[in-house]
Structures are given as structure tokens and as C-alpha cells.
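Chemist: File follows, work.cif with mmCIF, C-alpha atoms:
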```
data_input
loop_
_atom_site.label_atom_id
_atom_site.label_comp_id
_atom_site.auth_asym_id
_atom_site.auth_seq_id
_atom_site.Cartn_x
_atom_site.Cartn_y
_atom_site.Cartn_z
CA MET A 1 -87.05 -88.02 41.48
CA HIS A 2 -84.78 -90.93 42.12
CA ILE A 3 -81.23 -89.80 42.56
CA MET A 4 -79.08 -92.31 40.73
CA GLU A 5 -76.57 -94.63 42.27
CA GLY A 6 -73.22 -92.91 42.87
CA PHE A 7 -74.54 -89.38 42.36
CA LEU A 8 -74.35 -88.37 46.00
CA ASP A 9 -71.13 -88.27 48.00
CA PRO A 10 -70.88 -90.92 50.72
CA LEU A 11 -71.24 -88.14 53.30
CA TRP A 12 -74.61 -87.03 51.91
CA CYS A 13 -75.75 -90.62 51.48
CA ALA A 14 -75.09 -91.08 55.19
CA VAL A 15 -76.80 -87.83 56.19
CA TRP A 16 -80.01 -88.72 54.35
CA PHE A 17 -80.00 -92.25 55.71
CA ILE A 18 -79.72 -90.88 59.25
CA ILE A 19 -82.69 -88.60 58.58
CA ALA A 20 -84.78 -91.31 56.91
CA ILE A 21 -84.25 -94.32 59.19
CA PRO A 22 -86.21 -93.07 62.26
CA PHE A 23 -89.26 -92.26 60.11
CA VAL A 24 -89.19 -95.60 58.35
CA ALA A 25 -88.76 -97.48 61.65
CA LEU A 26 -91.63 -95.57 63.24
CA GLY A 27 -93.76 -96.15 60.14
CA ALA A 28 -93.04 -99.90 60.19
CA LYS A 29 -94.00 -100.03 63.86
CA LYS A 30 -97.21 -98.11 63.17
CA VAL A 31 -98.19 -100.36 60.26
CA ILE A 32 -97.59 -103.51 62.34
CA GLU A 33 -99.67 -102.15 65.24
CA LEU A 34 -102.39 -100.95 62.92
CA VAL A 35 -102.74 -104.30 61.18
CA ARG A 36 -102.62 -106.22 64.48
CA GLU A 37 -105.16 -104.09 66.35
CA HIS A 38 -107.40 -103.23 63.43
CA PRO A 39 -107.29 -106.14 60.97
CA GLU A 40 -109.94 -104.43 58.86
CA GLN A 41 -107.38 -101.70 58.12
CA LYS A 42 -105.13 -104.19 56.33
CA MET A 43 -106.91 -103.53 53.04
CA THR A 44 -106.64 -99.77 53.42
CA VAL A 45 -102.91 -99.86 54.18
CA ALA A 46 -102.42 -102.11 51.15
CA LEU A 47 -104.44 -99.65 49.08
CA ALA A 48 -102.29 -96.71 50.19
CA GLY A 49 -99.18 -98.68 49.22
CA ALA A 50 -100.76 -99.79 45.96
CA PHE A 51 -101.19 -96.19 44.82
CA ILE A 52 -97.49 -95.57 45.40
CA PHE A 53 -96.62 -98.76 43.49
CA LEU A 54 -98.87 -97.99 40.55
CA LEU A 55 -98.24 -94.27 40.15
CA SER A 56 -94.47 -94.39 40.62
CA SER A 57 -94.23 -96.93 37.81
CA LEU A 58 -95.98 -94.69 35.28
CA LYS A 59 -93.36 -92.74 33.40
CA LEU A 60 -95.16 -89.91 31.70
CA PRO A 61 -93.88 -87.46 29.08
CA SER A 62 -93.80 -83.83 30.15
CA VAL A 63 -93.69 -80.41 28.52
CA THR A 64 -89.95 -80.02 29.12
CA GLY A 65 -89.22 -82.88 26.72
CA SER A 66 -88.28 -85.34 29.41
CA SER A 67 -90.20 -88.02 31.24
CA SER A 68 -90.81 -88.54 34.91
CA HIS A 69 -93.27 -90.31 37.16
CA PRO A 70 -95.80 -89.28 39.81
CA THR A 71 -95.27 -90.45 43.39
CA GLY A 72 -98.74 -91.51 44.54
CA THR A 73 -97.98 -90.66 48.17
CA GLY A 74 -100.84 -88.18 48.72
CA PHE A 75 -103.49 -90.71 49.76
CA SER A 76 -101.23 -92.43 52.27
CA ALA A 77 -100.13 -89.06 53.69
CA ALA A 78 -103.72 -87.84 54.11
CA LEU A 79 -104.84 -91.13 55.62
CA TYR A 80 -101.99 -92.19 57.89
CA GLY A 81 -99.47 -89.35 57.97
CA VAL A 82 -95.77 -89.09 57.21
CA SER A 83 -94.13 -92.08 58.91
CA VAL A 84 -96.42 -94.73 57.41
CA THR A 85 -95.91 -93.10 54.01
CA ALA A 86 -92.14 -93.24 54.55
CA PHE A 87 -92.38 -96.98 55.24
CA LEU A 88 -94.57 -97.68 52.19
CA ALA A 89 -92.38 -95.56 49.91
CA THR A 90 -89.32 -97.46 51.15
CA ILE A 91 -90.77 -100.76 49.89
CA VAL A 92 -91.32 -99.26 46.43
CA LEU A 93 -87.90 -97.61 46.34
CA ILE A 94 -86.12 -100.84 47.31
CA PHE A 95 -88.07 -102.71 44.61
CA GLN A 96 -86.96 -100.16 42.03
CA ALA A 97 -83.37 -99.88 43.24
CA LEU A 98 -82.79 -103.65 43.30
CA LEU A 99 -84.72 -104.81 40.27
CA LEU A 100 -84.80 -101.82 37.99
CA ALA A 101 -81.50 -100.07 38.67
CA HIS A 102 -83.81 -97.08 39.04
CA GLY A 103 -82.70 -94.92 41.94
CA GLY A 104 -80.08 -96.65 44.01
CA LEU A 105 -79.12 -98.35 47.23
CA THR A 106 -76.59 -95.72 48.30
CA THR A 107 -79.05 -92.93 47.48
CA LEU A 108 -81.97 -94.78 49.07
CA GLY A 109 -81.89 -92.60 52.19
CA ALA A 110 -82.07 -89.43 50.11
CA ASN A 111 -84.88 -90.81 47.94
CA ILE A 112 -86.89 -91.92 50.99
CA SER A 113 -86.38 -88.46 52.50
CA SER A 114 -87.79 -86.68 49.45
CA MET A 115 -90.54 -89.06 48.32
CA GLY A 116 -91.51 -90.63 51.63
CA ILE A 117 -90.95 -87.90 54.21
CA ILE A 118 -90.58 -84.26 53.15
CA GLY A 119 -92.92 -84.32 50.12
CA PRO A 120 -95.71 -86.08 52.06
CA PHE A 121 -95.06 -83.76 55.03
CA PHE A 122 -96.09 -80.77 52.91
CA GLY A 123 -99.00 -82.86 51.67
CA VAL A 124 -100.17 -83.45 55.24
CA LEU A 125 -99.92 -79.72 56.01
CA VAL A 126 -102.10 -78.88 53.02
CA TRP A 127 -104.55 -81.70 53.80
CA LYS A 128 -105.04 -80.55 57.39
CA ALA A 129 -105.41 -76.90 56.40
CA MET A 130 -107.93 -77.69 53.66
CA MET A 131 -110.03 -80.05 55.75
CA LYS A 132 -110.08 -77.51 58.56
CA GLY A 133 -111.03 -74.82 56.06
CA GLY A 134 -114.04 -76.85 54.99
CA VAL A 135 -112.83 -77.67 51.46
CA SER A 136 -114.50 -80.80 50.06
CA MET A 137 -112.66 -84.09 50.58
CA PRO A 138 -112.03 -84.94 46.88
CA ILE A 139 -110.54 -81.52 46.15
CA SER A 140 -108.40 -81.64 49.31
CA LEU A 141 -107.17 -85.12 48.39
CA GLY A 142 -106.28 -84.01 44.86
CA ILE A 143 -104.37 -80.93 46.01
CA THR A 144 -102.62 -82.94 48.75
CA ALA A 145 -101.42 -85.42 46.14
CA LEU A 146 -100.29 -82.57 43.87
CA ILE A 147 -98.27 -80.91 46.63
CA ALA A 148 -96.75 -84.17 47.96
CA ASP A 149 -95.71 -85.07 44.40
CA TRP A 150 -94.31 -81.71 43.39
CA MET A 151 -92.50 -80.98 46.66
CA THR A 152 -90.79 -84.37 46.35
CA TYR A 153 -89.05 -83.10 43.24
CA VAL A 154 -88.26 -79.70 44.72
CA VAL A 155 -86.57 -81.51 47.60
CA THR A 156 -84.66 -83.72 45.16
CA ALA A 157 -83.35 -80.63 43.38
CA PHE A 158 -82.33 -79.25 46.77
CA GLN A 159 -80.57 -82.47 47.75
CA MET A 160 -78.60 -82.46 44.50
CA THR A 161 -77.68 -78.78 44.94
CA LEU A 162 -76.36 -79.39 48.46
CA ASN A 163 -73.99 -81.94 46.99
CA HIS A 164 -73.27 -80.38 43.59
CA GLY A 165 -72.66 -76.70 42.92
CA GLN A 166 -74.10 -75.31 46.16
CA SER A 167 -75.27 -72.19 44.38
CA ILE A 168 -78.52 -70.55 43.38
CA GLU A 169 -77.75 -71.20 39.71
CA ALA A 170 -77.18 -74.87 40.38
CA PHE A 171 -80.46 -75.03 42.29
CA VAL A 172 -82.31 -73.36 39.41
CA ASN A 173 -80.67 -75.83 37.05
CA PHE A 174 -81.76 -78.83 39.07
CA LEU A 175 -85.21 -77.34 39.60
CA SER A 176 -85.72 -76.92 35.87
CA ASN A 177 -84.71 -80.53 35.37
CA TYR A 178 -86.85 -82.06 38.13
CA ALA A 179 -89.53 -79.67 39.33
CA LEU A 180 -90.51 -78.04 36.04
CA THR A 181 -90.93 -81.43 34.39
CA GLN A 182 -93.07 -82.46 37.32
CA ILE A 183 -95.71 -79.72 37.14
CA PRO A 184 -97.96 -81.36 34.51
CA LEU A 185 -97.44 -84.75 36.13
CA SER A 186 -98.55 -83.54 39.51
CA VAL A 187 -101.64 -82.07 37.84
CA VAL A 188 -102.39 -85.51 36.38
CA GLU A 189 -101.93 -86.99 39.83
CA CYS A 190 -104.24 -84.32 41.26
CA ILE A 191 -107.00 -85.29 38.79
CA LEU A 192 -106.59 -89.01 39.58
CA PHE A 193 -106.85 -88.53 43.33
CA TYR A 194 -109.75 -86.10 42.92
CA MET A 195 -111.55 -88.89 41.04
CA PHE A 196 -110.66 -91.40 43.72
CA GLY A 197 -111.94 -88.93 46.33
CA ILE A 198 -115.27 -88.77 44.50
CA TYR A 199 -115.35 -92.58 44.53
CA LEU A 200 -114.69 -92.65 48.27
CA MET A 201 -117.37 -90.05 48.98
CA ARG A 202 -119.92 -92.29 47.29
CA ASN A 203 -118.77 -95.65 48.57
CA LYS A 204 -116.68 -95.34 51.70
CA PRO A 205 -116.92 -91.79 53.04
CA GLU A 206 -116.03 -92.85 56.60
CA ILE A 207 -112.51 -93.99 55.65
CA PHE A 208 -110.74 -90.81 56.84
CA ASP A 209 -112.74 -90.56 60.06
CA ILE A 210 -111.84 -94.13 61.00
CA ALA A 211 -108.13 -93.55 60.30
CA GLY A 212 -108.28 -90.30 62.29
CA GLU A 213 -109.90 -91.98 65.29
CA ILE A 214 -107.35 -94.78 65.29
CA ALA A 215 -104.50 -92.26 65.15
CA ALA A 216 -106.02 -90.21 67.99
CA LYS A 217 -106.43 -93.35 70.13
CA ALA A 218 -102.84 -94.42 69.47
CA ALA A 219 -101.59 -90.95 70.40
CA ALA A 220 -103.65 -90.96 73.61
CA LYS A 221 -102.24 -94.36 74.53
CA GLU A 222 -98.67 -93.16 74.11
CA ALA A 223 -99.20 -89.95 76.09
CA MET B 1 -124.38 -92.49 40.23
CA ALA B 2 -124.63 -90.82 36.88
CA GLU B 3 -122.86 -87.77 38.23
CA SER B 4 -119.76 -89.57 39.51
CA LYS B 5 -119.57 -91.60 36.30
CA THR B 6 -119.41 -88.37 34.32
CA ILE B 7 -116.56 -87.17 36.54
CA TYR B 8 -114.58 -90.40 36.02
CA ILE B 9 -114.99 -90.28 32.26
CA ALA B 10 -114.13 -86.57 32.11
CA GLY B 11 -111.09 -87.08 34.38
CA PHE B 12 -109.60 -89.90 32.32
CA ALA B 13 -110.40 -88.02 29.10
CA ILE B 14 -108.54 -84.92 30.33
CA ILE B 15 -105.51 -87.00 31.33
CA ALA B 16 -105.49 -88.82 27.98
CA LEU B 17 -105.74 -85.52 26.10
CA LEU B 18 -102.92 -83.98 28.16
CA VAL B 19 -100.59 -86.90 27.43
CA ILE B 20 -101.47 -86.96 23.72
CA ALA B 21 -101.04 -83.18 23.43
CA VAL B 22 -97.60 -83.31 25.05
CA LEU B 23 -96.54 -86.24 22.84
CA ALA B 24 -97.85 -84.56 19.70
CA TYR B 25 -96.03 -81.32 20.49
CA GLY B 26 -92.92 -83.30 21.41
CA ALA B 27 -93.03 -85.14 18.10
CA SER B 28 -93.12 -81.83 16.24
CA GLN B 29 -90.05 -80.68 18.21
CA ASP B 30 -88.21 -84.01 17.94
CA TRP B 31 -88.06 -84.38 21.70
CA GLU B 32 -86.78 -87.65 23.04
CA PHE B 33 -88.55 -87.63 26.41
CA GLY B 34 -85.57 -89.11 28.26
CA GLY B 35 -85.93 -89.65 31.98
CA ALA B 36 -85.54 -86.59 34.22
CA ASP B 37 -83.42 -88.81 36.47
CA ASP B 38 -80.90 -89.20 33.66
CA GLY B 39 -81.28 -85.51 32.86
CA ALA B 40 -79.86 -84.81 36.30
CA GLU B 41 -76.63 -86.42 35.11
CA GLY B 42 -76.30 -83.63 32.54
CA VAL B 43 -76.95 -80.95 35.16
CA VAL B 44 -74.28 -82.45 37.42
CA GLU B 45 -71.80 -82.32 34.53
CA GLU B 46 -72.62 -78.66 34.13
CA VAL B 47 -72.53 -77.45 37.74
CA ASP B 48 -69.98 -79.90 39.13
CA PRO B 49 -67.85 -80.92 36.11
CA ASP B 50 -65.22 -82.84 38.07
CA TYR B 51 -67.70 -85.17 39.72
CA GLU B 52 -67.34 -88.87 39.07
CA PRO B 53 -70.11 -91.22 40.22
CA TRP B 54 -68.38 -93.43 42.78
CA TRP B 55 -70.51 -96.53 42.55
CA ASN B 56 -72.50 -98.06 39.75
CA GLY B 57 -74.77 -100.28 41.75
CA ILE B 58 -74.92 -104.03 42.11
CA PHE B 59 -75.16 -104.64 38.37
CA GLY B 60 -72.15 -102.41 37.69
CA ASP B 61 -72.09 -101.05 34.16
CA TYR B 62 -74.50 -103.68 32.96
CA GLU B 63 -77.76 -102.09 31.90
CA LEU B 64 -80.91 -104.11 32.18
CA PRO B 65 -82.25 -105.05 28.76
CA GLY B 66 -85.00 -102.60 27.76
CA GLU B 67 -87.47 -105.46 27.43
CA THR B 68 -86.79 -106.70 30.96
CA GLU B 69 -86.98 -103.22 32.36
CA SER B 70 -90.36 -102.52 30.80
CA MET B 71 -91.56 -105.91 32.08
CA LEU B 72 -90.53 -105.02 35.62
CA PHE B 73 -92.20 -101.61 35.43
CA ALA B 74 -95.34 -103.30 34.13
CA LEU B 75 -95.11 -105.77 37.00
CA GLN B 76 -94.88 -102.92 39.48
CA ALA B 77 -97.92 -101.22 37.94
CA ALA B 78 -99.81 -104.51 37.89
CA ILE B 79 -99.22 -105.16 41.60
CA GLY B 80 -100.58 -101.72 42.42
CA ALA B 81 -103.49 -101.98 40.01
CA ILE B 82 -104.60 -105.42 41.30
CA ILE B 83 -104.88 -104.11 44.85
CA ILE B 84 -106.69 -100.91 43.82
CA GLY B 85 -109.04 -102.95 41.63
CA TYR B 86 -109.75 -105.35 44.47
CA PHE B 87 -110.58 -102.46 46.80
CA ILE B 88 -112.89 -100.81 44.29
CA GLY B 89 -114.59 -104.14 43.58
CA ALA B 90 -115.03 -104.93 47.25
CA TYR B 91 -116.22 -101.54 48.40
CA THR B 92 -118.44 -100.29 45.63
CA ARG B 93 -121.94 -100.10 47.07
CA LYS B 94 -124.50 -102.13 45.23
CA GLU B 95 -127.51 -100.09 44.21
#
```
As C-alpha cells, please, write out the structure in this file.

Modeler:
Amino acid sequence: MHIMEGFLDPLWCAVWFIIAIPFVALGAKKVIELVREHPEQKMTVALAGAFIFLLSSLKLPSVTGSSSHPTGTGFSAALYGVSVTAFLATIVLIFQALLLAHGGLTTLGANISSMGIIGPFFGVLVWKAMMKGGVSMPISLGITALIADWMTYVVTAFQMTLNHGQSIEAFVNFLSNYALTQIPLSVVECILFYMFGIYLMRNKPEIFDIAGEIAAKAAAKEA
Amino acid sequence: MAESKTIYIAGFAIIALLVIAVLAYGASQDWEFGGADDGAEGVVEEVDPDYEPWWNGIFGDYELPGETESMLFALQAAIGAIIIGYFIGAYTRKE
């Protein structure tokens, strides 16, 4: 979903940076507080980031004849919410933009917005709805990952359309490039996170409750 | 324990089969499986033909050697996998 260097006008680069920066800053602040006040959460934050690192490096072939990669943001979104995910995704995106010429520095704001903010935001919505609806944790986690992944690419198509073409046809074109390719990949991601959910249920079922309590306490402190 | 093990094996088997099926079909169609990110370049040419990318990044036109690029992607995967492996090792309950 990485928009390549130079493929967004400077104006749009700026717009997406302005949208992304507050989330990343808030996420960085949250991660620092979390690690300081709950040192035992260090491992879990690292784990959430590790999924993004691992999954966004796996370029998989898809049914459209092109390759793309999952995003791995679902676990982080379900556990810590959007801003922390934005911060973790930023680390990965900078790594890829600097070392791999994959994505770009000028398009970093746009890529953070899709992969770190808006995609995971839809993931969080689904996660909350499913948990409230009494769906089992592994299934909810899998579907959350699927939605966060797929919506990332829908947003990318939208970002490209805003800059290029600005028409329904252009949007359909970009969707068929990004989002159609992504469907099987997000299913793969769904299966992986479902399996990880099963693992957590057996070995560390309290992980989401602890994260939820910490978040509630932090919110109460701010209010 | 047996039950979750079955799920892990089935999950990885389904993913492996999916990837192999797509590759096998792709081979029969002579697909190249280029990156969707690069595919977007083609779409831009179509819907916005006058557009010229205005910056090529810090390396300019120089493309990373394929070998180096695959090394860096492997490095990225390895960093993630080490941490996930550590977590699973540390948290798996001993029977």
C-alpha cells in the first residue's frame, strides 16, 4: 500500500503529514508512558510492533497477478488502539522508506495515515463491536486484522484518486490495483491472527483485559 | 493442547495451499506478480497521463540491487520473527 516517492503532489504530501503527525505524537507519548508505568508491558508493545515488522515484509502473490504485503496492524489496534498503532507503523514505514526505497519519505504522511491510522481505526471499530457482541476472541482478532489490512488499501486507493483523476473511474482503477489484490492477503492475515488468538486463549488470555484496564486508568487520569 | 495444535497445523497448511495455488495458476497464465505498488504507477499513467513524479528519493534513480533488497526484507522479517518467537517461548504455559 506504500505510495511511492514522488507520486503525490507536495500539497497532498503536506495534507497527509498534517493528519498523521498528531496521531504519531500521541502514540509515542502513550508508548513511553506505558513502558514507564507498566514495565511488564514492554514485551507486549514489542510484540505488537513485531507483527507489523514481520507481516509487512512478506510480499505475497495474489490472484490479480501482482504481489503485495499484509500490514499486521490488527493486533496492535485491538490491544492498544489507533495512536499506538500509528507510532509503531511509522517505525516500520521509515525503515522501509530509508533502507528499501519502498514507500517514500515525502509520501510517509499518506502511508502512515492509511496503514497506521485509518485502516486500524476500522479494525478497532470491528474489534469493539465483535467483543461486545460476544464473538470469541480469536475470531474477533482475525476479522479485526482482516479489516485493518484491507481498509488500508482502500484508503490508499482513495488517497491516489484524490491526487490523480478525481473520478469514480480512477477510484475503481486504483481499487482494482490495490484493494482487489489485497483480498486474499487479508484472508491469510485473518488466519494467522486467528491462530495467534487461539495461542493467546491457551497461554495468556488476560492480555486484552490488562491492556483495557491500563487504557481505562489512563483515560480516567486525563479526565 | 492437541486441539490447538491441530488448528495451528491446519492454519499453516491452508495458507501454504493458498499461496501454492495462486502461484500455480499464475504460472499457467504467465503472470509476473509485480508489486501492486509499482502497478499503481501504471494506473497513474492511465488516469493522469501528464503526471511526472517530482522526486525520486534519496537514492535518486539508483535502484537497490535485488540481492540487497531481499536481504533487507529478510532482515525486517527476522527482527519481527525473533520478537514473536521470544514471546511465544516465554509465555507458553508448561504442562

Chemist: Expand the PyMOL selection byres ((chain B) within 6 of (chain A)) into the individual residues it matches in the shown file, reporting them as a count of residues only.

Modeler: 19

Chemist: With all atoms listed in the file as the atoms that count, which of A:Ala223, A:Leu125, A:Ala216, A:Asn111 lies nearest to B:Asp37?

Modeler: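 So, comparing all the options, the nearest one is A:Asn111.
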
Chemist: For atom CA of A:Ser136 and atom CA of A:Ser113, determine how far apart the two atoms are, in Å to one decimal place.

Modeler: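 Calculated distance between atom CA of A:Ser136 and atom CA of A:Ser113 is 29.2 Å.
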
Chemist: Got a sec: who's within 9 Å of A:Phe208, counting only C-alpha atoms, leaving out chain neighbours fewer than 6 positions off, as JSON, numbers by chain?

Modeler: {"A": [78, 79, 80]}

Chemist: I'd like the interatomic distance between atom CA of B:Glu52 and atom CA of A:Asp149, to a tenth of an Å.

Modeler: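 Computing the Euclidean distance for atom CA of B:Glu52 and atom CA of A:Asp149 yields 29.1 Å.
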
Chemist: Using only C-alpha atoms, pick whichever of A:Ile168, A:Leu34, A:Ala219, A:Ala145 has the shortest atom-to-atom distance to A:Gly72.

Modeler: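 Smallest distance to A:Gly72 is found for A:Ala145.
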
Chemist: Between atom CA of A:Lys217 and atom CA of A:Val84, measure the distance and give it in Å to one decimal.

Modeler: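 Separation between atom CA of A:Lys217 and atom CA of A:Val84: 16.2 Å.
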
Chemist: Is it possible to get the residues within 7 Å of (-91.4, -90.7, 58.1) (coordinates as in the file, counting all atoms listed in the file) written as a CSV table (one decimal) with C-alpha atoms, keeping the file's coordinate frame?

Modeler:
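Saved to out-v1.csv:
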```csv
chain,number,residue,atom,x,y,z
A,20,ALA,CA,-84.8,-91.3,56.9
A,23,PHE,CA,-89.3,-92.3,60.1
A,24,VAL,CA,-89.2,-95.6,58.4
A,27,GLY,CA,-93.8,-96.2,60.1
A,82,VAL,CA,-95.8,-89.1,57.2
A,83,SER,CA,-94.1,-92.1,58.9
A,84,VAL,CA,-96.4,-94.7,57.4
A,85,THR,CA,-95.9,-93.1,54.0
A,86,ALA,CA,-92.1,-93.2,54.6
A,87,PHE,CA,-92.4,-97.0,55.2
A,116,GLY,CA,-91.5,-90.6,51.6
A,117,ILE,CA,-91.0,-87.9,54.2
```
